[in-house]
file protein22.cif (mmCIF, C-alpha atoms and all ligand atoms)
data_input
#
loop_
_atom_site.label_atom_id
_atom_site.label_comp_id
_atom_site.auth_asym_id
_atom_site.auth_seq_id
_atom_site.Cartn_x
_atom_site.Cartn_y
_atom_site.Cartn_z
CA MET U 242 151.63 102.04 102.22
CA LYS U 243 148.44 100.09 102.87
CA LEU U 244 145.96 102.66 104.17
CA ASN U 245 143.25 101.66 106.60
CA PHE U 246 140.83 104.25 105.28
CA GLN U 247 139.16 104.48 101.90
CA ARG U 248 137.96 108.01 101.32
CA ALA U 249 139.66 111.11 102.68
CA LEU U 250 138.84 114.80 102.85
CA VAL U 251 141.82 117.11 102.47
CA THR U 252 141.05 120.67 103.53
CA GLY U 253 143.51 123.05 101.92
CA GLY U 254 144.23 120.35 99.35
CA ALA U 255 145.06 122.89 96.62
CA GLY U 256 147.92 124.31 98.66
CA PHE U 257 151.60 123.51 98.60
CA ILE U 258 151.60 120.70 101.17
CA GLY U 259 147.98 119.70 100.60
CA SER U 260 148.44 119.03 96.91
CA HIS U 261 151.39 116.69 97.59
CA LEU U 262 149.26 114.85 100.12
CA VAL U 263 146.39 114.54 97.62
CA GLU U 264 148.80 113.08 95.09
CA ALA U 265 150.09 110.49 97.58
CA LEU U 266 146.57 109.53 98.64
CA ILE U 267 145.59 108.90 95.03
CA GLU U 268 148.74 106.84 94.49
CA ASN U 269 147.69 104.78 97.51
CA LYS U 270 144.26 104.12 95.93
CA CYS U 271 142.30 106.42 98.19
CA ASP U 272 139.25 108.41 97.04
CA VAL U 273 140.00 112.06 97.69
CA VAL U 274 137.77 115.06 98.26
CA VAL U 275 139.49 118.45 98.33
CA LEU U 276 137.90 121.45 100.02
CA ASP U 277 139.79 124.66 99.38
CA ASN U 278 138.72 128.31 99.15
CA LEU U 279 141.78 129.10 97.00
CA SER U 280 142.83 131.96 99.27
CA SER U 281 146.40 130.73 99.21
CA GLY U 282 145.99 127.44 97.34
CA ASN U 283 146.17 127.27 93.58
CA PRO U 284 144.14 124.96 91.34
CA SER U 285 147.21 124.53 89.13
CA ASN U 286 148.73 122.46 91.97
CA LEU U 287 146.04 119.86 91.32
CA LEU U 288 146.07 119.99 87.51
CA PRO U 289 147.91 116.71 86.84
CA PHE U 290 145.36 114.70 88.82
CA LYS U 291 142.26 116.88 88.76
CA ASP U 292 140.18 114.21 87.01
CA ARG U 293 140.89 111.72 89.77
CA ILE U 294 139.61 113.78 92.71
CA THR U 295 136.45 115.54 93.80
CA PHE U 296 137.27 119.22 94.10
CA LYS U 297 134.97 121.56 96.04
CA GLU U 298 135.78 125.23 96.09
CA GLY U 299 134.63 126.40 99.49
CA ASP U 300 135.52 127.57 102.93
CA ILE U 301 135.86 125.51 106.11
CA ARG U 302 133.80 128.20 107.85
CA ASP U 303 130.84 127.23 105.65
CA ARG U 304 129.55 124.36 107.76
CA ASP U 305 127.08 123.07 105.17
CA MET U 306 129.79 122.92 102.56
CA LEU U 307 132.16 121.27 105.02
CA SER U 308 129.61 118.60 105.98
CA LYS U 309 128.87 117.83 102.35
CA ALA U 310 132.56 117.52 101.57
CA ALA U 311 133.23 115.31 104.61
CA CYS U 312 130.17 113.09 104.20
CA GLY U 313 131.20 109.53 103.37
CA CYS U 314 134.85 110.09 104.26
CA ASP U 315 136.60 107.96 106.85
CA ALA U 316 139.61 110.26 107.33
CA VAL U 317 140.18 114.00 107.31
CA PHE U 318 143.48 115.78 106.78
CA HIS U 319 143.06 119.36 107.89
CA LEU U 320 145.53 121.71 106.22
CA ALA U 321 143.32 124.70 105.39
CA ALA U 322 144.55 127.73 107.32
CA VAL U 323 145.71 131.31 107.21
CA VAL U 324 149.32 130.25 106.79
CA SER U 325 151.12 133.57 106.99
CA VAL U 326 152.36 134.42 110.48
CA PRO U 327 152.47 138.19 109.69
CA GLN U 328 148.90 138.04 108.37
CA THR U 329 147.73 136.62 111.70
CA VAL U 330 149.58 139.45 113.46
CA GLU U 331 147.75 141.98 111.26
CA GLU U 332 144.40 140.23 111.55
CA PRO U 333 144.29 138.30 114.83
CA VAL U 334 140.50 137.98 114.90
CA ASP U 335 139.83 137.21 111.24
CA SER U 336 142.62 134.64 111.20
CA ALA U 337 141.26 133.06 114.40
CA MET U 338 137.91 132.61 112.65
CA VAL U 339 139.73 130.35 110.19
CA ASN U 340 142.50 128.78 112.26
CA ASP U 341 140.60 128.37 115.54
CA ILE U 342 136.91 128.21 114.72
CA GLY U 343 137.44 126.62 111.32
CA THR U 344 139.49 123.87 112.96
CA LEU U 345 136.74 123.36 115.51
CA PHE U 346 134.22 123.06 112.67
CA VAL U 347 136.39 120.39 111.05
CA LEU U 348 136.59 118.41 114.29
CA GLU U 349 132.87 118.82 114.86
CA ALA U 350 132.13 117.61 111.33
CA ALA U 351 134.23 114.53 112.08
CA ARG U 352 132.37 113.93 115.34
CA THR U 353 128.88 114.33 113.89
CA LEU U 354 129.66 112.30 110.77
CA ASN U 355 131.39 109.61 112.80
CA ILE U 356 134.71 110.03 110.98
CA LYS U 357 137.26 108.35 113.16
CA ARG U 358 140.54 109.72 111.89
CA VAL U 359 141.61 113.36 111.76
CA VAL U 360 145.14 114.63 111.21
CA LEU U 361 145.70 118.31 111.96
CA SER U 362 148.57 120.32 110.54
CA SER U 363 150.19 122.22 113.37
CA SER U 364 153.48 124.06 113.49
CA CYS U 365 156.74 124.45 115.37
CA ALA U 366 155.46 128.03 115.88
CA VAL U 367 153.77 126.71 119.04
CA TYR U 368 157.19 126.48 120.72
CA GLY U 369 158.09 130.17 120.55
CA ASP U 370 161.70 131.20 121.05
CA ASP U 371 162.75 129.19 124.08
CA PRO U 372 166.47 128.61 123.39
CA GLU U 373 166.34 124.96 124.46
CA LEU U 374 167.10 122.69 121.50
CA PRO U 375 166.01 120.39 120.10
CA LYS U 376 162.35 121.18 120.64
CA ASN U 377 160.52 118.19 122.02
CA GLU U 378 156.81 117.67 122.37
CA SER U 379 156.85 117.58 126.17
CA MET U 380 158.47 120.95 126.69
CA ASN U 381 156.61 124.09 127.65
CA VAL U 382 155.14 125.95 124.73
CA LYS U 383 154.92 129.71 124.47
CA PRO U 384 153.77 130.82 121.03
CA LEU U 385 154.77 134.35 120.05
CA SER U 386 152.16 135.07 117.39
CA PRO U 387 148.42 134.66 116.92
CA TYR U 388 149.35 131.96 114.39
CA GLY U 389 151.18 129.93 117.04
CA VAL U 390 148.35 130.39 119.55
CA GLN U 391 145.79 129.33 116.95
CA LYS U 392 147.74 126.19 116.06
CA LEU U 393 148.11 125.35 119.76
CA ASN U 394 144.37 125.82 120.29
CA GLY U 395 143.73 123.39 117.46
CA GLU U 396 145.97 120.85 119.20
CA HIS U 397 144.04 121.23 122.46
CA TYR U 398 140.72 120.82 120.69
CA ALA U 399 142.04 117.78 118.87
CA ARG U 400 143.08 116.14 122.13
CA ILE U 401 139.71 116.68 123.79
CA TYR U 402 137.85 115.47 120.70
CA CYS U 403 139.86 112.30 121.11
CA ASP U 404 139.25 112.03 124.86
CA LEU U 405 135.61 113.09 124.92
CA TYR U 406 134.26 111.83 121.63
CA GLY U 407 136.64 109.12 120.50
CA VAL U 408 137.74 110.86 117.30
CA LYS U 409 141.26 109.58 116.63
CA THR U 410 143.06 112.88 116.18
CA ALA U 411 146.76 113.40 115.65
CA CYS U 412 148.57 116.74 115.35
CA LEU U 413 151.74 117.27 113.39
CA ARG U 414 154.05 120.13 114.26
CA TYR U 415 155.78 120.88 110.99
CA PHE U 416 159.21 122.45 111.05
CA ASN U 417 160.27 124.39 107.92
CA VAL U 418 158.68 122.57 105.01
CA PHE U 419 160.11 122.99 101.51
CA GLY U 420 159.74 121.43 98.10
CA PRO U 421 158.15 121.78 94.67
CA ARG U 422 155.04 124.00 94.35
CA GLN U 423 155.95 126.27 97.25
CA ASP U 424 154.93 129.76 96.17
CA PRO U 425 157.88 132.17 96.27
CA SER U 426 155.88 135.29 95.46
CA SER U 427 155.22 136.79 98.88
CA PRO U 428 157.89 138.40 101.06
CA TYR U 429 156.90 135.82 103.70
CA SER U 430 157.30 132.81 101.47
CA GLY U 431 159.63 130.11 102.66
CA VAL U 432 163.27 131.09 102.33
CA ILE U 433 164.05 128.11 100.10
CA SER U 434 161.41 129.03 97.52
CA ILE U 435 162.80 132.58 97.48
CA PHE U 436 166.43 131.49 97.17
CA MET U 437 165.57 129.03 94.38
CA THR U 438 163.89 131.63 92.22
CA LYS U 439 166.53 134.28 92.94
CA SER U 440 169.36 131.96 91.99
CA ILE U 441 167.67 130.83 88.77
CA ASN U 442 167.03 134.50 87.87
CA ALA U 443 170.64 135.35 88.76
CA GLU U 444 169.46 137.86 91.37
CA THR U 445 171.25 138.33 94.66
CA PRO U 446 169.18 137.29 97.65
CA VAL U 447 168.59 139.14 100.88
CA ILE U 448 169.75 137.50 104.08
CA PHE U 449 168.20 138.92 107.22
CA GLY U 450 170.80 139.20 109.97
CA ASP U 451 174.16 137.46 109.87
CA GLY U 452 172.78 134.35 108.18
CA ASN U 453 173.92 132.08 110.97
CA GLN U 454 170.34 131.51 112.08
CA SER U 455 169.35 127.93 111.44
CA ARG U 456 166.27 125.90 110.60
CA ASP U 457 165.22 122.27 110.50
CA PHE U 458 164.14 122.02 106.86
CA VAL U 459 161.92 119.05 106.05
CA PHE U 460 161.08 117.96 102.51
CA VAL U 461 157.39 118.04 101.62
CA LYS U 462 157.24 114.35 100.65
CA ASP U 463 158.39 113.41 104.14
CA VAL U 464 155.66 115.62 105.59
CA VAL U 465 153.14 113.75 103.44
CA ARG U 466 154.39 110.40 104.72
CA ALA U 467 154.06 111.63 108.31
CA ASN U 468 150.42 112.48 107.57
CA LEU U 469 149.70 109.03 106.17
CA LEU U 470 151.39 107.30 109.10
CA ALA U 471 149.51 109.46 111.60
CA ALA U 472 146.16 108.61 110.02
CA ASN U 473 147.00 104.94 109.82
CA ASN U 474 148.27 104.43 113.33
CA ASP U 475 145.96 104.22 116.34
CA ARG U 476 148.89 104.90 118.66
CA ALA U 477 148.96 108.46 117.33
CA ALA U 478 145.49 109.21 118.71
CA GLY U 479 145.34 112.28 120.95
CA LEU U 480 149.04 113.08 120.51
CA VAL U 481 151.21 115.72 118.90
CA PHE U 482 154.35 114.94 116.91
CA ASN U 483 157.22 116.97 115.58
CA VAL U 484 157.73 116.56 111.87
CA GLY U 485 161.29 117.59 111.19
CA THR U 486 164.58 115.95 110.38
CA GLY U 487 166.56 116.48 113.58
CA ARG U 488 169.19 118.29 111.55
CA SER U 489 169.52 122.01 110.99
CA MET U 490 171.07 124.21 108.37
CA THR U 491 172.08 127.87 108.50
CA ILE U 492 170.72 130.36 105.99
CA ASN U 493 174.28 131.11 104.81
CA GLU U 494 174.85 127.43 104.15
CA LEU U 495 171.52 127.23 102.36
CA TRP U 496 172.55 129.99 99.95
CA ARG U 497 175.90 128.30 99.38
CA LEU U 498 174.18 125.03 98.44
CA THR U 499 171.62 126.82 96.26
CA SER U 500 174.42 128.68 94.44
CA GLY U 501 176.14 125.35 93.86
CA LEU U 502 173.01 123.98 92.19
CA SER U 503 172.37 127.00 89.99
CA GLY U 504 175.92 128.09 89.25
CA PHE U 505 175.00 131.66 90.26
CA HIS U 506 177.25 132.77 93.10
CA GLY U 507 175.96 136.30 93.78
CA GLU U 508 176.95 137.78 97.11
CA PRO U 509 173.82 138.13 99.33
CA THR U 510 172.75 141.52 100.65
CA HIS U 511 172.55 141.47 104.43
CA LEU U 512 169.75 143.44 106.07
CA ASP U 513 168.72 143.67 109.72
CA SER U 514 167.19 140.57 111.27
CA ARG U 515 163.43 140.32 110.86
CA PRO U 516 161.63 141.36 114.04
CA GLY U 517 160.65 138.29 116.02
CA ASP U 518 162.87 136.00 113.98
CA ILE U 519 163.85 132.90 115.92
CA TYR U 520 167.60 132.28 115.89
CA ALA U 521 167.76 128.50 115.90
CA SER U 522 165.12 125.87 115.32
CA LEU U 523 165.52 122.13 115.46
CA GLY U 524 163.02 119.37 116.09
CA ASP U 525 163.45 116.35 118.33
CA THR U 526 162.31 113.47 116.14
CA ARG U 527 162.25 110.68 118.71
CA ARG U 528 158.53 110.58 119.45
CA ALA U 529 157.63 110.52 115.76
CA GLU U 530 160.12 107.72 115.25
CA SER U 531 158.98 105.57 118.14
CA ASP U 532 155.21 106.10 117.98
CA LEU U 533 154.58 106.80 114.30
CA GLY U 534 157.47 104.97 112.72
CA PHE U 535 158.31 108.25 110.97
CA LYS U 536 161.82 109.27 110.10
CA ALA U 537 162.57 111.78 107.34
CA GLU U 538 163.88 109.84 104.34
CA TYR U 539 165.05 112.68 102.12
CA ASP U 540 168.32 114.14 103.18
CA PHE U 541 168.54 117.87 102.84
CA GLU U 542 170.79 118.03 99.79
CA GLN U 543 168.63 115.50 97.95
CA GLY U 544 165.40 117.42 98.72
CA LEU U 545 167.07 120.67 97.72
CA ALA U 546 168.23 119.24 94.38
CA LEU U 547 164.73 117.91 93.58
CA THR U 548 163.23 121.25 94.51
CA PHE U 549 165.74 123.16 92.42
CA GLN U 550 164.99 120.96 89.41
CA TRP U 551 161.28 121.66 89.79
CA TYR U 552 161.76 125.45 89.90
CA LYS U 553 164.11 125.26 86.95
CA ASN U 554 161.62 123.26 84.88
CA THR U 555 158.60 125.28 85.90
CA MET U 556 159.76 128.88 85.75
CA THR U 557 159.00 130.83 82.58
CA PRO U 558 161.85 132.58 80.74
CA GLU U 559 160.57 135.82 82.35
CA GLY U 560 161.29 134.30 85.73
CA HIS U 561 157.70 133.60 86.83
CA LEU U 562 156.17 130.37 88.02
C1 LIG D 601 158.56 129.32 109.69
C2 LIG D 601 157.24 129.10 108.99
C3 LIG D 601 156.14 129.86 109.68
C4 LIG D 601 156.08 129.51 111.16
C5 LIG D 601 157.46 129.76 111.78
C6 LIG D 601 157.49 129.31 113.22
C7 LIG D 601 157.74 128.77 106.64
C8 LIG D 601 157.72 129.37 105.27
N1 LIG D 601 157.34 129.58 107.61
O1 LIG D 601 158.94 130.67 109.59
O2 LIG D 601 154.89 129.51 109.08
O3 LIG D 601 155.69 128.17 111.32
O4 LIG D 601 158.46 129.00 111.08
O5 LIG D 601 158.70 129.63 113.81
O6 LIG D 601 158.06 127.62 106.85
N2 LIG D 601 165.21 134.64 105.37
C9 LIG D 601 166.21 135.33 104.73
N3 LIG D 601 165.96 135.83 103.49
C10 LIG D 601 164.74 135.68 102.86
C11 LIG D 601 163.71 134.98 103.55
C12 LIG D 601 163.99 134.47 104.80
O7 LIG D 601 167.32 135.52 105.27
O8 LIG D 601 164.57 136.15 101.73
C13 LIG D 601 165.50 134.07 106.70
C14 LIG D 601 164.50 134.51 107.76
O9 LIG D 601 164.87 135.75 108.32
C15 LIG D 601 164.59 133.35 108.73
C16 LIG D 601 164.88 132.14 107.84
O10 LIG D 601 165.36 132.66 106.61
O11 LIG D 601 165.63 133.55 109.65
C17 LIG D 601 163.68 131.27 107.57
O12 LIG D 601 162.62 132.11 107.15
P1 LIG D 601 161.24 131.52 106.60
O13 LIG D 601 160.37 132.70 106.33
O14 LIG D 601 161.46 130.54 105.51
O15 LIG D 601 160.68 130.66 107.81
P2 LIG D 601 160.50 131.01 109.38
O16 LIG D 601 161.36 130.05 110.12
O17 LIG D 601 160.64 132.46 109.63
#

call {"tool": "encode", "arguments": {"input": "protein22.cif", "output": "structure tokens", "more": "lines below"}}
Ligand code: UD2
result
Amino acid sequence: MKLNFQRALVTGGAGFIGSHLVEALIENKCDVVVLDNLSSGNPSNLLPFKDRITFKEGDIRDRDMLSKAACGCDAVFHLAAVVSVPQTVEEPVDSAMVNDIGTLFVLEAARTLNIKRVVLSSSCAVYGDDPELPKNESMNVKPLSPYGVQKLNGEHYARIYCDLYGVKTACLRYFNVFGPRQDPSSPYSGVISIFMTKSINAETPVIFGDGNQSRDFVFVKDVVRANLLAANNDRAAGLVFNVGTGRSMTINELWRLTSGLSGFHGEPTHLDSRPGDIYASLGDTRRAESDLGFKAEYDFEQGLALTFQWYKNTMTPEGHL
């Protein structure tokens, strides 16, 4: 893709999604600065291309550091965040300092440094549990967690930074992102990263509830492409977009497919549903298609197979990443 910016700051660039974005930016001949405090990111995600980027270990709440990192950039991709929903429930104020105020600092850095393009990573968590499906960007939002509220606040700030100050902001509401480098080690890690490692270790997984709950799983490389398109396209300015596939998959089906890849067919243990778990989630992809030219290219089985291969190649014989 021919990018219409030359130097980009990626906040949270050492994280799961951020590191894939950094890789794609380099491949597209962009100079990349990464700002990451390594709270959930991991420098090993950047190892294969560490000599081709400028890496700054620091926090988006450190405004001096942020300005220095952003100086000379003509695009910012803002992915740094407290990414765990339960953590934001435990720590609503501390997480708001990162997800709300930190996002405002990023937008303000763009305004003061005259950086015209900012892409914010938002989340389908802004929708809450309204049963209407698929979720489209015009429907009422009612987030159920501090995380969802914080992401929604970021979207509002982004829109007014576009309207008031002319910063071309775009917000991407990710559905359930999966792929290589997703960390399976916390109980709140994405279900696919957990199922991958369980199946390779020949351990039975836990399924919360009956397993018929469903998610719109989107492969990380598609999420990266949505970011590049959003930064490149002036029609995205001031808008929010779903980034999903428009197709959903149940958790039972996911385990069946994972078992097929690994050859381990252990019977899952069913526990009670997680409190606050949404039953069904599915994104309406029409706005992203018409205004961004974005349509997920990886079908689910293909993304799952690539992800499985990565876990298989990367896990140690002791079963660690
Ligand atoms: C996703 C996002 C979260 C937030 C939320 C908004 C991820 C990792 N998390 O949470 O950040 O945006 O959407 O709605 O993308 N499950 C099992 N067994 C396991 C783990 C999970 O059955 O070992 C189930 C879980 O109960 C849920 C589904 O799998 O029904 C997906 O869980 P998840 O944690 O991957 O993602 P989700 O949708 O809760």

call {"tool": "residues_near_ligand", "arguments": {"input": "protein22.cif", "ligand": "ligand LIG 601 (chain D)", "cutoff": "7 Å", "atoms": "all atoms listed in the file", "output": "number ranges by chain"}}
result
U: 324-326, 364-366, 369, 416-418, 429-433, 435-436, 446-450, 452, 454-456, 492, 514-515, 518-520

call {"tool": "residues_near_point", "arguments": {"input": "protein22.cif", "point": "(169.0, 117.5, 96.3)", "cutoff": "12 Å", "atoms": "only C-alpha atoms", "output": "mmCIF file with C-alpha atoms, keeping the file's coordinate frame"}}
result
data_model
loop_
_atom_site.group_PDB
_atom_site.id
_atom_site.type_symbol
_atom_site.label_atom_id
_atom_site.label_comp_id
_atom_site.auth_asym_id
_atom_site.auth_seq_id
_atom_site.Cartn_x
_atom_site.Cartn_y
_atom_site.Cartn_z
ATOM 1 C CA PHE U 419 160.110 122.990 101.510
ATOM 2 C CA GLY U 420 159.740 121.430 98.100
ATOM 3 C CA PRO U 421 158.150 121.780 94.670
ATOM 4 C CA PHE U 460 161.080 117.960 102.510
ATOM 5 C CA LEU U 495 171.520 127.230 102.360
ATOM 6 C CA LEU U 498 174.180 125.030 98.440
ATOM 7 C CA THR U 499 171.620 126.820 96.260
ATOM 8 C CA GLY U 501 176.140 125.350 93.860
ATOM 9 C CA LEU U 502 173.010 123.980 92.190
ATOM 10 C CA SER U 503 172.370 127.000 89.990
ATOM 11 C CA TYR U 539 165.050 112.680 102.120
ATOM 12 C CA ASP U 540 168.320 114.140 103.180
ATOM 13 C CA PHE U 541 168.540 117.870 102.840
ATOM 14 C CA GLU U 542 170.790 118.030 99.790
ATOM 15 C CA GLN U 543 168.630 115.500 97.950
ATOM 16 C CA GLY U 544 165.400 117.420 98.720
ATOM 17 C CA LEU U 545 167.070 120.670 97.720
ATOM 18 C CA ALA U 546 168.230 119.240 94.380
ATOM 19 C CA LEU U 547 164.730 117.910 93.580
ATOM 20 C CA THR U 548 163.230 121.250 94.510
ATOM 21 C CA PHE U 549 165.740 123.160 92.420
ATOM 22 C CA GLN U 550 164.990 120.960 89.410
ATOM 23 C CA TRP U 551 161.280 121.660 89.790
#

call {"tool": "residues_around", "arguments": {"input": "protein22.cif", "residues": "Leu480 (chain U)", "least_positions_apart": "5", "cutoff": "8 Å", "atoms": "only C-alpha atoms", "output": "ChimeraX atom specification"}}
result
/U:400,410-412

call {"tool": "closest_residue", "arguments": {"input": "protein22.cif", "among": "U:Val367, U:Ala265, U:Cys314, U:Leu320", "to": "Gln247 (chain U)", "atoms": "only C-alpha atoms"}}
result
U:Cys314

call {"tool": "closest_residue", "arguments": {"input": "protein22.cif", "among": "U:Val317, U:Ala529, U:Leu279, U:Ala350", "to": "Arg476 (chain U)", "atoms": "all atoms listed in the file"}}
result
U:Ala529

call {"tool": "closest_residue", "arguments": {"input": "protein22.cif", "among": "U:Ser386, U:Asn355, U:Thr557, U:Ser489", "to": "Ala311 (chain U)", "atoms": "only C-alpha atoms"}}
result
U:Asn355

call {"tool": "residues_around", "arguments": {"input": "protein22.cif", "residues": "Tyr398 (chain U)", "least_positions_apart": "3", "cutoff": "9 Å", "atoms": "only C-alpha atoms", "output": "VMD selection string"}}
result
chain U and resid 344 to 345 348 393 to 395 401 to 403

call {"tool": "residues_around", "arguments": {"input": "protein22.cif", "residues": "Ile267 (chain U)", "least_positions_apart": "6", "cutoff": "10 Å", "atoms": "all atoms listed in the file", "output": "VMD selection string"}}
result
chain U and resid 248 to 249 273 290 293 to 294

call {"tool": "atom_distance", "arguments": {"input": "protein22.cif", "atom1": "CA of Lys297 (chain U)", "atom2": "CA of Thr252 (chain U)"}}
result
9.7 Å

call {"tool": "atom_distance", "arguments": {"input": "protein22.cif", "atom1": "CA of His397 (chain U)", "atom2": "CA of Lys383 (chain U)"}}
result
13.9 Å

call {"tool": "axis_aligned_box", "arguments": {"input": "protein22.cif", "around": "region 358-365 of chain U", "padding_each_side": "8 Å", "output": "lines of an AutoDock Vina configuration file"}}
result
center_x = 148.6
center_y = 117.1
center_z = 113.0
size_x = 32.2
size_y = 30.7
size_z = 20.8

call {"tool": "atom_distance", "arguments": {"input": "protein22.cif", "atom1": "CA of Ala537 (chain U)", "atom2": "CA of Glu264 (chain U)"}}
result
18.5 Å

call {"tool": "closest_residue", "arguments": {"input": "protein22.cif", "among": "U:Ala351, U:Val339, U:Val484, U:Leu374", "to": "Glu530 (chain U)", "atoms": "all atoms listed in the file"}}
result
U:Val484

call {"tool": "closest_residue", "arguments": {"input": "protein22.cif", "among": "U:Ile356, U:Ala337, U:Ser427, U:Glu378", "to": "Ser281 (chain U)", "atoms": "all atoms listed in the file"}}
result
U:Ser427

call {"tool": "closest_residue", "arguments": {"input": "protein22.cif", "among": "U:Val334, U:Ile342, U:Ala322, U:Val263", "to": "Arg302 (chain U)", "atoms": "all atoms listed in the file"}}
result
U:Ile342
